[in-house]
file final-v9.pdb (PDB, C-alpha atoms)
ATOM      1  CA  MET A   1      45.604   0.772  25.548
ATOM      2  CA  TYR A   2      44.331  -2.799  25.091
ATOM      3  CA  ASP A   3      43.183  -3.419  28.672
ATOM      4  CA  PHE A   4      39.596  -4.487  27.939
ATOM      5  CA  GLU A   5      37.479  -7.616  27.764
ATOM      6  CA  TYR A   6      36.564  -9.043  24.384
ATOM      7  CA  HIS A   7      33.168 -10.570  23.582
ATOM      8  CA  LYS A   8      31.931 -12.062  20.326
ATOM      9  CA  PRO A   9      28.179 -12.748  20.605
ATOM     10  CA  SER A  10      26.325 -14.791  18.003
ATOM     11  CA  SER A  11      23.011 -12.929  18.145
ATOM     12  CA  VAL A  12      21.762  -9.343  18.193
ATOM     13  CA  ALA A  13      19.972  -9.994  21.498
ATOM     14  CA  ASP A  14      23.197 -11.115  23.185
ATOM     15  CA  ALA A  15      25.108  -8.137  21.779
ATOM     16  CA  VAL A  16      22.492  -5.689  23.069
ATOM     17  CA  LYS A  17      22.602  -7.309  26.527
ATOM     18  CA  LEU A  18      26.351  -6.838  26.684
ATOM     19  CA  LEU A  19      26.152  -3.204  25.608
ATOM     20  CA  ALA A  20      23.314  -2.453  28.017
ATOM     21  CA  ALA A  21      25.246  -3.918  30.945
ATOM     22  CA  ASP A  22      28.006  -1.315  30.784
ATOM     23  CA  PRO A  23      27.849   2.209  29.281
ATOM     24  CA  GLU A  24      31.604   2.077  28.668
ATOM     25  CA  ALA A  25      31.340  -0.970  26.392
ATOM     26  CA  LYS A  26      31.821  -0.431  22.668
ATOM     27  CA  ALA A  27      30.530  -2.349  19.657
ATOM     28  CA  ILE A  28      32.851  -3.020  16.743
ATOM     29  CA  SER A  29      31.990  -4.183  13.228
ATOM     30  CA  GLY A  30      34.626  -3.356  10.620
ATOM     31  CA  GLY A  31      36.782  -1.449  13.095
ATOM     32  CA  MET A  32      37.531   1.443  10.758
ATOM     33  CA  THR A  33      36.946   3.990  13.522
ATOM     34  CA  LEU A  34      37.308   2.211  16.860
ATOM     35  CA  LEU A  35      40.642   0.527  16.147
ATOM     36  CA  PRO A  36      42.437   3.792  15.202
ATOM     37  CA  ALA A  37      40.896   5.428  18.282
ATOM     38  CA  LEU A  38      42.292   2.653  20.480
ATOM     39  CA  LYS A  39      45.730   2.907  18.899
ATOM     40  CA  HIS A  40      45.818   6.653  19.522
ATOM     41  CA  ARG A  41      44.534   6.173  23.087
ATOM     42  CA  LEU A  42      41.432   8.235  22.331
ATOM     43  CA  ASN A  43      39.044   5.590  23.607
ATOM     44  CA  LYS A  44      39.287   3.103  26.464
ATOM     45  CA  PRO A  45      36.266   0.789  26.582
ATOM     46  CA  THR A  46      35.694  -1.623  29.437
ATOM     47  CA  TYR A  47      34.992  -4.291  26.847
ATOM     48  CA  VAL A  48      34.581  -4.591  23.104
ATOM     49  CA  VAL A  49      31.575  -6.358  21.601
ATOM     50  CA  ASP A  50      32.569  -7.844  18.249
ATOM     51  CA  LEU A  51      29.521  -8.014  15.972
ATOM     52  CA  SER A  52      31.223  -9.935  13.171
ATOM     53  CA  GLY A  53      29.851 -13.302  14.296
ATOM     54  CA  ILE A  54      26.180 -12.299  14.009
ATOM     55  CA  ALA A  55      24.920 -13.884  10.799
ATOM     56  CA  GLU A  56      21.531 -12.123  10.907
ATOM     57  CA  LEU A  57      23.252  -8.771  10.310
ATOM     58  CA  ARG A  58      24.567  -9.799   6.899
ATOM     59  CA  GLY A  59      23.091  -9.986   3.432
ATOM     60  CA  VAL A  60      21.159  -8.103   0.765
ATOM     61  CA  ARG A  61      17.566  -8.778  -0.219
ATOM     62  CA  LYS A  62      14.742  -7.201  -2.162
ATOM     63  CA  GLU A  63      11.536  -6.566  -0.233
ATOM     64  CA  GLY A  64       8.824  -5.164  -2.476
ATOM     65  CA  ASP A  65      10.114  -1.870  -3.856
ATOM     66  CA  ASN A  66      13.008  -1.691  -1.405
ATOM     67  CA  ILE A  67      16.534  -3.035  -1.191
ATOM     68  CA  VAL A  68      17.354  -4.062   2.380
ATOM     69  CA  ILE A  69      21.036  -4.255   3.290
ATOM     70  CA  GLY A  70      22.258  -5.899   6.495
ATOM     71  CA  ALA A  71      24.299  -3.691   8.803
ATOM     72  CA  LEU A  72      27.415  -5.884   8.563
ATOM     73  CA  THR A  73      27.443  -5.844   4.757
ATOM     74  CA  LYS A  74      30.838  -4.576   3.613
ATOM     75  CA  HIS A  75      31.471  -1.770   1.154
ATOM     76  CA  TYR A  76      32.955  -4.201  -1.357
ATOM     77  CA  GLU A  77      29.851  -6.386  -1.192
ATOM     78  CA  ILE A  78      27.604  -3.377  -1.812
ATOM     79  CA  ALA A  79      29.764  -2.298  -4.747
ATOM     80  CA  THR A  80      29.502  -5.700  -6.413
ATOM     81  CA  HIS A  81      26.142  -7.170  -5.365
ATOM     82  CA  PRO A  82      23.955  -7.991  -8.407
ATOM     83  CA  GLN A  83      20.705  -6.821  -6.785
ATOM     84  CA  ILE A  84      22.181  -3.458  -5.813
ATOM     85  CA  LEU A  85      23.807  -3.032  -9.217
ATOM     86  CA  ALA A  86      20.444  -3.687 -10.855
ATOM     87  CA  ALA A  87      18.214  -1.638  -8.528
ATOM     88  CA  ILE A  88      20.396   1.221  -7.206
ATOM     89  CA  PRO A  89      23.597   1.297  -9.302
ATOM     90  CA  ALA A  90      24.541   4.727  -7.925
ATOM     91  CA  LEU A  91      24.802   3.224  -4.438
ATOM     92  CA  ALA A  92      27.104   0.504  -5.777
ATOM     93  CA  ARG A  93      29.250   3.064  -7.604
ATOM     94  CA  MET A  94      29.476   5.142  -4.441
ATOM     95  CA  ALA A  95      30.554   2.149  -2.334
ATOM     96  CA  ALA A  96      33.303   1.402  -4.855
ATOM     97  CA  THR A  97      34.890   4.812  -4.133
ATOM     98  CA  ILE A  98      35.097   4.453  -0.355
ATOM     99  CA  GLY A  99      38.637   4.455   1.049
ATOM    100  CA  ASP A 100      40.921   1.860  -0.499
ATOM    101  CA  THR A 101      40.782  -1.881  -1.129
ATOM    102  CA  GLN A 102      41.493  -2.767   2.493
ATOM    103  CA  VAL A 103      38.830  -0.399   3.835
ATOM    104  CA  ARG A 104      36.227  -1.623   1.354
ATOM    105  CA  ASN A 105      36.836  -5.207   2.423
ATOM    106  CA  ARG A 106      36.585  -4.439   6.161
ATOM    107  CA  GLY A 107      34.279  -1.465   6.613
ATOM    108  CA  THR A 108      30.519  -1.965   6.942
ATOM    109  CA  ILE A 109      27.511   0.168   6.031
ATOM    110  CA  GLY A 110      25.999  -0.145   9.513
ATOM    111  CA  GLY A 111      29.193   0.939  11.206
ATOM    112  CA  SER A 112      29.540   3.927   8.889
ATOM    113  CA  LEU A 113      25.979   5.128   9.494
ATOM    114  CA  ALA A 114      26.182   4.613  13.268
ATOM    115  CA  ASN A 115      29.479   6.508  13.429
ATOM    116  CA  ASN A 116      28.171   9.381  11.269
ATOM    117  CA  ASP A 117      31.551  10.808  10.314
ATOM    118  CA  PRO A 118      31.020  14.148   8.533
ATOM    119  CA  ALA A 119      32.986  12.870   5.533
ATOM    120  CA  ALA A 120      31.296   9.452   5.319
ATOM    121  CA  ASP A 121      29.472   8.670   2.076
ATOM    122  CA  TYR A 122      26.464   6.635   3.210
ATOM    123  CA  PRO A 123      24.675   9.406   5.172
ATOM    124  CA  ALA A 124      24.221  11.459   1.988
ATOM    125  CA  ALA A 125      22.928   8.389   0.154
ATOM    126  CA  ALA A 126      20.538   7.536   2.992
ATOM    127  CA  LEU A 127      19.129  11.072   2.989
ATOM    128  CA  ALA A 128      18.804  11.313  -0.792
ATOM    129  CA  LEU A 129      17.223   7.881  -1.192
ATOM    130  CA  GLY A 130      14.850   8.362   1.735
ATOM    131  CA  ALA A 131      16.244   5.318   3.515
ATOM    132  CA  THR A 132      15.040   3.878   6.798
ATOM    133  CA  ILE A 133      17.609   2.757   9.355
ATOM    134  CA  VAL A 134      16.359  -0.351  11.148
ATOM    135  CA  THR A 135      17.653  -1.128  14.642
ATOM    136  CA  ASP A 136      17.088  -3.917  17.149
ATOM    137  CA  ARG A 137      14.038  -2.037  18.468
ATOM    138  CA  ARG A 138      12.674   0.450  15.895
ATOM    139  CA  SER A 139      12.808   1.962  12.404
ATOM    140  CA  ILE A 140      14.242   5.475  12.015
ATOM    141  CA  PRO A 141      13.785   7.580   8.858
ATOM    142  CA  ALA A 142      17.109   8.943   7.606
ATOM    143  CA  ASP A 143      15.790  12.494   8.040
ATOM    144  CA  ASP A 144      15.555  11.843  11.801
ATOM    145  CA  PHE A 145      18.693   9.740  12.210
ATOM    146  CA  PHE A 146      21.622  12.144  11.670
ATOM    147  CA  LEU A 147      21.709  14.694  14.485
ATOM    148  CA  GLY A 148      25.199  16.215  14.346
ATOM    149  CA  MET A 149      28.905  15.463  14.080
ATOM    150  CA  PHE A 150      29.385  11.808  15.109
ATOM    151  CA  THR A 151      25.899  11.962  16.636
ATOM    152  CA  THR A 152      22.825   9.965  15.689
ATOM    153  CA  ALA A 153      19.414   9.123  17.142
ATOM    154  CA  LEU A 154      20.757   5.769  18.396
ATOM    155  CA  GLU A 155      20.621   4.974  22.103
ATOM    156  CA  PRO A 156      23.944   3.823  23.656
ATOM    157  CA  ASP A 157      22.924   0.156  23.614
ATOM    158  CA  GLU A 158      20.982   0.289  20.331
ATOM    159  CA  LEU A 159      22.316  -1.502  17.255
ATOM    160  CA  VAL A 160      21.708  -0.846  13.579
ATOM    161  CA  THR A 161      20.558  -4.141  12.072
ATOM    162  CA  GLY A 162      19.796  -3.078   8.509
ATOM    163  CA  ILE A 163      18.999  -0.268   6.101
ATOM    164  CA  SER A 164      15.991  -0.207   3.789
ATOM    165  CA  PHE A 165      16.476   1.793   0.582
ATOM    166  CA  PRO A 166      13.458   2.596  -1.633
ATOM    167  CA  ILE A 167      14.397   1.842  -5.242
ATOM    168  CA  PRO A 168      14.675   5.179  -7.077
ATOM    169  CA  GLU A 169      13.749   6.024 -10.644
ATOM    170  CA  LYS A 170      17.228   7.496 -11.020
ATOM    171  CA  ALA A 171      20.133   8.424  -8.757
ATOM    172  CA  GLY A 172      23.699   9.652  -8.978
ATOM    173  CA  TYR A 173      26.663  10.556  -6.790
ATOM    174  CA  ALA A 174      29.799  12.648  -7.113
ATOM    175  CA  LYS A 175      32.445  13.730  -4.619
ATOM    176  CA  LEU A 176      35.838  15.346  -4.354
ATOM    177  CA  ARG A 177      38.149  13.182  -2.287
ATOM    178  CA  ASN A 178      41.036  14.371  -0.178
ATOM    179  CA  PRO A 179      43.989  12.869  -2.086
ATOM    180  CA  ALA A 180      45.723  11.721   1.113
ATOM    181  CA  SER A 181      42.938  10.384   3.330
ATOM    182  CA  ARG A 182      40.399   9.683   0.532
ATOM    183  CA  TYR A 183      37.679  11.057   2.752
ATOM    184  CA  SER A 184      35.052  13.138   1.010
ATOM    185  CA  MET A 185      35.814  16.862   0.979
ATOM    186  CA  THR A 186      32.294  17.325  -0.366
ATOM    187  CA  GLY A 187      29.959  14.775  -1.890
ATOM    188  CA  VAL A 188      26.450  15.086  -3.303
ATOM    189  CA  PHE A 189      23.973  12.254  -3.828
ATOM    190  CA  VAL A 190      20.858  13.021  -5.883
ATOM    191  CA  ALA A 191      17.825  10.788  -6.325
ATOM    192  CA  LYS A 192      14.377  10.853  -7.868
ATOM    193  CA  GLY A 193      12.239   8.245  -6.184
ATOM    194  CA  PRO A 194       8.992   7.430  -4.382
ATOM    195  CA  SER A 195       9.341  10.447  -2.063
ATOM    196  CA  GLY A 196      10.248  12.856  -4.858
ATOM    197  CA  VAL A 197      13.562  14.507  -5.625
ATOM    198  CA  ARG A 198      16.058  14.550  -2.772
ATOM    199  CA  VAL A 199      19.626  15.838  -2.531
ATOM    200  CA  GLY A 200      22.004  14.707   0.214
ATOM    201  CA  VAL A 201      25.342  16.403   0.937
ATOM    202  CA  ASN A 202      28.279  15.021   2.914
ATOM    203  CA  GLY A 203      31.755  16.273   3.784
ATOM    204  CA  ALA A 204      30.858  19.946   3.525
ATOM    205  CA  ALA A 205      29.382  20.385   7.008
ATOM    206  CA  PRO A 206      29.682  18.798  10.472
ATOM    207  CA  CYS A 207      26.743  16.543   9.534
ATOM    208  CA  ALA A 208      25.207  15.369   6.264
ATOM    209  CA  PHE A 209      22.246  17.489   5.177
ATOM    210  CA  ARG A 210      19.635  17.900   2.463
ATOM    211  CA  GLN A 211      19.898  20.765  -0.023
ATOM    212  CA  GLY A 212      16.305  21.929  -0.368
ATOM    213  CA  GLU A 213      16.854  24.599  -3.007
ATOM    214  CA  MET A 214      18.436  22.069  -5.324
ATOM    215  CA  GLU A 215      15.616  19.609  -4.673
ATOM    216  CA  THR A 216      13.092  22.210  -5.792
ATOM    217  CA  ALA A 217      15.096  23.078  -8.904
ATOM    218  CA  LEU A 218      15.563  19.450  -9.927
ATOM    219  CA  THR A 219      11.886  18.706  -9.377
ATOM    220  CA  ALA A 220      11.091  21.325 -11.998
ATOM    221  CA  ASN A 221      13.923  20.394 -14.341
ATOM    222  CA  TRP A 222      16.082  17.317 -13.879
ATOM    223  CA  SER A 223      19.320  18.456 -15.498
ATOM    224  CA  PRO A 224      22.782  19.619 -14.404
ATOM    225  CA  ASP A 225      21.888  23.129 -15.562
ATOM    226  CA  ALA A 226      19.065  23.290 -13.006
ATOM    227  CA  VAL A 227      21.533  23.370 -10.100
ATOM    228  CA  ALA A 228      24.329  25.263 -11.825
ATOM    229  CA  GLY A 229      23.234  28.671 -10.566
ATOM    230  CA  ILE A 230      22.353  27.640  -7.011
ATOM    231  CA  LYS A 231      24.817  28.935  -4.443
ATOM    232  CA  GLN A 232      25.266  27.058  -1.193
ATOM    233  CA  SER A 233      25.774  29.349   1.798
ATOM    234  CA  PRO A 234      29.181  28.825   3.468
ATOM    235  CA  ASP A 235      27.641  29.527   6.882
ATOM    236  CA  GLU A 236      28.165  26.588   9.258
ATOM    237  CA  LEU A 237      30.185  24.622   6.692
ATOM    238  CA  ASN A 238      33.523  23.030   7.588
ATOM    239  CA  SER A 239      36.669  25.099   7.251
ATOM    240  CA  ASP A 240      40.091  23.531   7.818
ATOM    241  CA  ILE A 241      43.566  23.129   6.325
ATOM    242  CA  HIS A 242      42.082  21.113   3.461
ATOM    243  CA  GLY A 243      39.539  23.686   2.335
ATOM    244  CA  SER A 244      37.658  26.758   3.489
ATOM    245  CA  ALA A 245      33.906  26.930   4.017
ATOM    246  CA  GLU A 246      33.635  29.038   0.856
ATOM    247  CA  TYR A 247      35.523  26.398  -1.117
ATOM    248  CA  ARG A 248      33.233  23.654   0.130
ATOM    249  CA  ALA A 249      30.170  25.773  -0.638
ATOM    250  CA  ASN A 250      31.305  26.009  -4.234
ATOM    251  CA  LEU A 251      31.981  22.269  -4.298
ATOM    252  CA  VAL A 252      28.346  21.565  -3.358
ATOM    253  CA  ALA A 253      27.205  23.119  -6.649
ATOM    254  CA  VAL A 254      29.966  21.482  -8.676
ATOM    255  CA  MET A 255      29.369  18.008  -7.240
ATOM    256  CA  ALA A 256      25.592  18.393  -7.561
ATOM    257  CA  LYS A 257      25.953  19.037 -11.306
ATOM    258  CA  ARG A 258      28.193  15.978 -11.644
ATOM    259  CA  ALA A 259      25.840  13.831  -9.584
ATOM    260  CA  VAL A 260      22.877  14.721 -11.807
ATOM    261  CA  ALA A 261      24.968  13.910 -14.861
ATOM    262  CA  ASP A 262      25.957  10.623 -13.229
ATOM    263  CA  ALA A 263      22.285   9.797 -12.738
ATOM    264  CA  GLY A 264      21.509  10.395 -16.405
TER     265      GLY A 264
END
call {"tool": "encode", "arguments": {"input": "final-v9.pdb", "output": "structure tokens"}}
result
Amino acid sequence: MYDFEYHKPSSVADAVKLLAADPEAKAISGGMTLLPALKHRLNKPTYVVDLSGIAELRGVRKEGDNIVIGALTKHYEIATHPQILAAIPALARMAATIGDTQVRNRGTIGGSLANNDPAADYPAAALALGATIVTDRRSIPADDFFLGMFTTALEPDELVTGISFPIPEKAGYAKLRNPASRYSMTGVFVAKGPSGVRVGVNGAAPCAFRQGEMETALTANWSPDAVAGIKQSPDELNSDIHGSAEYRANLVAVMAKRAVADAG
């Protein structure tokens, strides 16, 4: 289970070299996904590339009308950072609801986006805020980044280095958490910003997606009532022991109303 080499590079360039040298190598940041996979013998990398020593992947800064967050920035740091609280408070509030105290102090935004778990929170926020995911070689709009369950536009040896979030006029988030795992059963992030009104949904489907009908309704009338009568189709939504596709479809409307109310 633990028969692999361990590397801890100090730069993005060195990390990319290690990953490019072997397709079976795996990068690790907070370890919220890879470590459980190793323990359950679901993954057996040839070597693990620990990104935690790369200082350039950390930090939060304001660049013009954008907040740029380093890929290794932890959920707790996003929830409490003064610049994020001032510019995009909904993103901070969302980060404060992820997992539990231990997860928020270990998990990273870059790792979450690169993993693209259907129930992860950040993909919905990235879609709704019109974020750009920056890697070691290019910039990818959020609309082009999330391709499917645990699948993104990243190449095998490509690393997320940061995320640029346009500062919205207003934004809000609401989700229903599974009481045991605390993963999102369905979450909705709404935002009104430079690229208009956008609505991102997580947890309900195999991959986060935008709800276009709600975007149109909120553009005409920004209020919880505007989305109250919109019915999400259950087609292609998740259905499991925790909730049927029909249940999650109803949750999309319920959480959208709450998210708009959260935005004010």
call {"tool": "closest_residue", "arguments": {"input": "final-v9.pdb", "among": "A:Cys207, A:Val134, A:Val16, A:Ile88", "to": "Asn66 (chain A)", "atoms": "only C-alpha atoms"}}
result
A:Ile88
call {"tool": "residues_around", "arguments": {"input": "final-v9.pdb", "residues": "Leu176 (chain A)", "least_positions_apart": "4", "cutoff": "9 Å", "atoms": "only C-alpha atoms", "output": "ChimeraX atom specification"}}
result
/A:182-187,251,255
call {"tool": "closest_residue", "arguments": {"input": "final-v9.pdb", "among": "A:Lys39, A:Leu51, A:Ser139, A:Arg61", "to": "Ala13 (chain A)", "atoms": "only C-alpha atoms"}}
result
A:Leu51
call {"tool": "closest_residue", "arguments": {"input": "final-v9.pdb", "among": "A:Ala191, A:Ala228, A:Ala86, A:Ala120", "to": "Ala205 (chain A)", "atoms": "all atoms listed in the file"}}
result
A:Ala120
call {"tool": "resolve_selection", "arguments": {"input": "final-v9.pdb", "expression": "the PyMOL selection byres ((chain A and resi 171) around 9)", "output": "ChimeraX atom specification"}}
result
/A:88-91,128-129,168-170,172-173,189-193,259-260,262-264
call {"tool": "closest_residue", "arguments": {"input": "final-v9.pdb", "among": "A:Ala92, A:Ala142, A:Leu72, A:Leu57", "to": "Ile109 (chain A)", "atoms": "all atoms listed in the file"}}
result
A:Leu72
call {"tool": "atom_distance", "arguments": {"input": "final-v9.pdb", "atom1": "CA of Val197 (chain A)", "atom2": "CA of Asp143 (chain A)"}}
result
14.0 Å
call {"tool": "residues_around", "arguments": {"input": "final-v9.pdb", "residues": "Arg210 (chain A)", "least_positions_apart": "6", "cutoff": "9 Å", "atoms": "only C-alpha atoms", "output": "PyMOL selection string"}}
result
chain A and resi 124+127-128+143+198-201
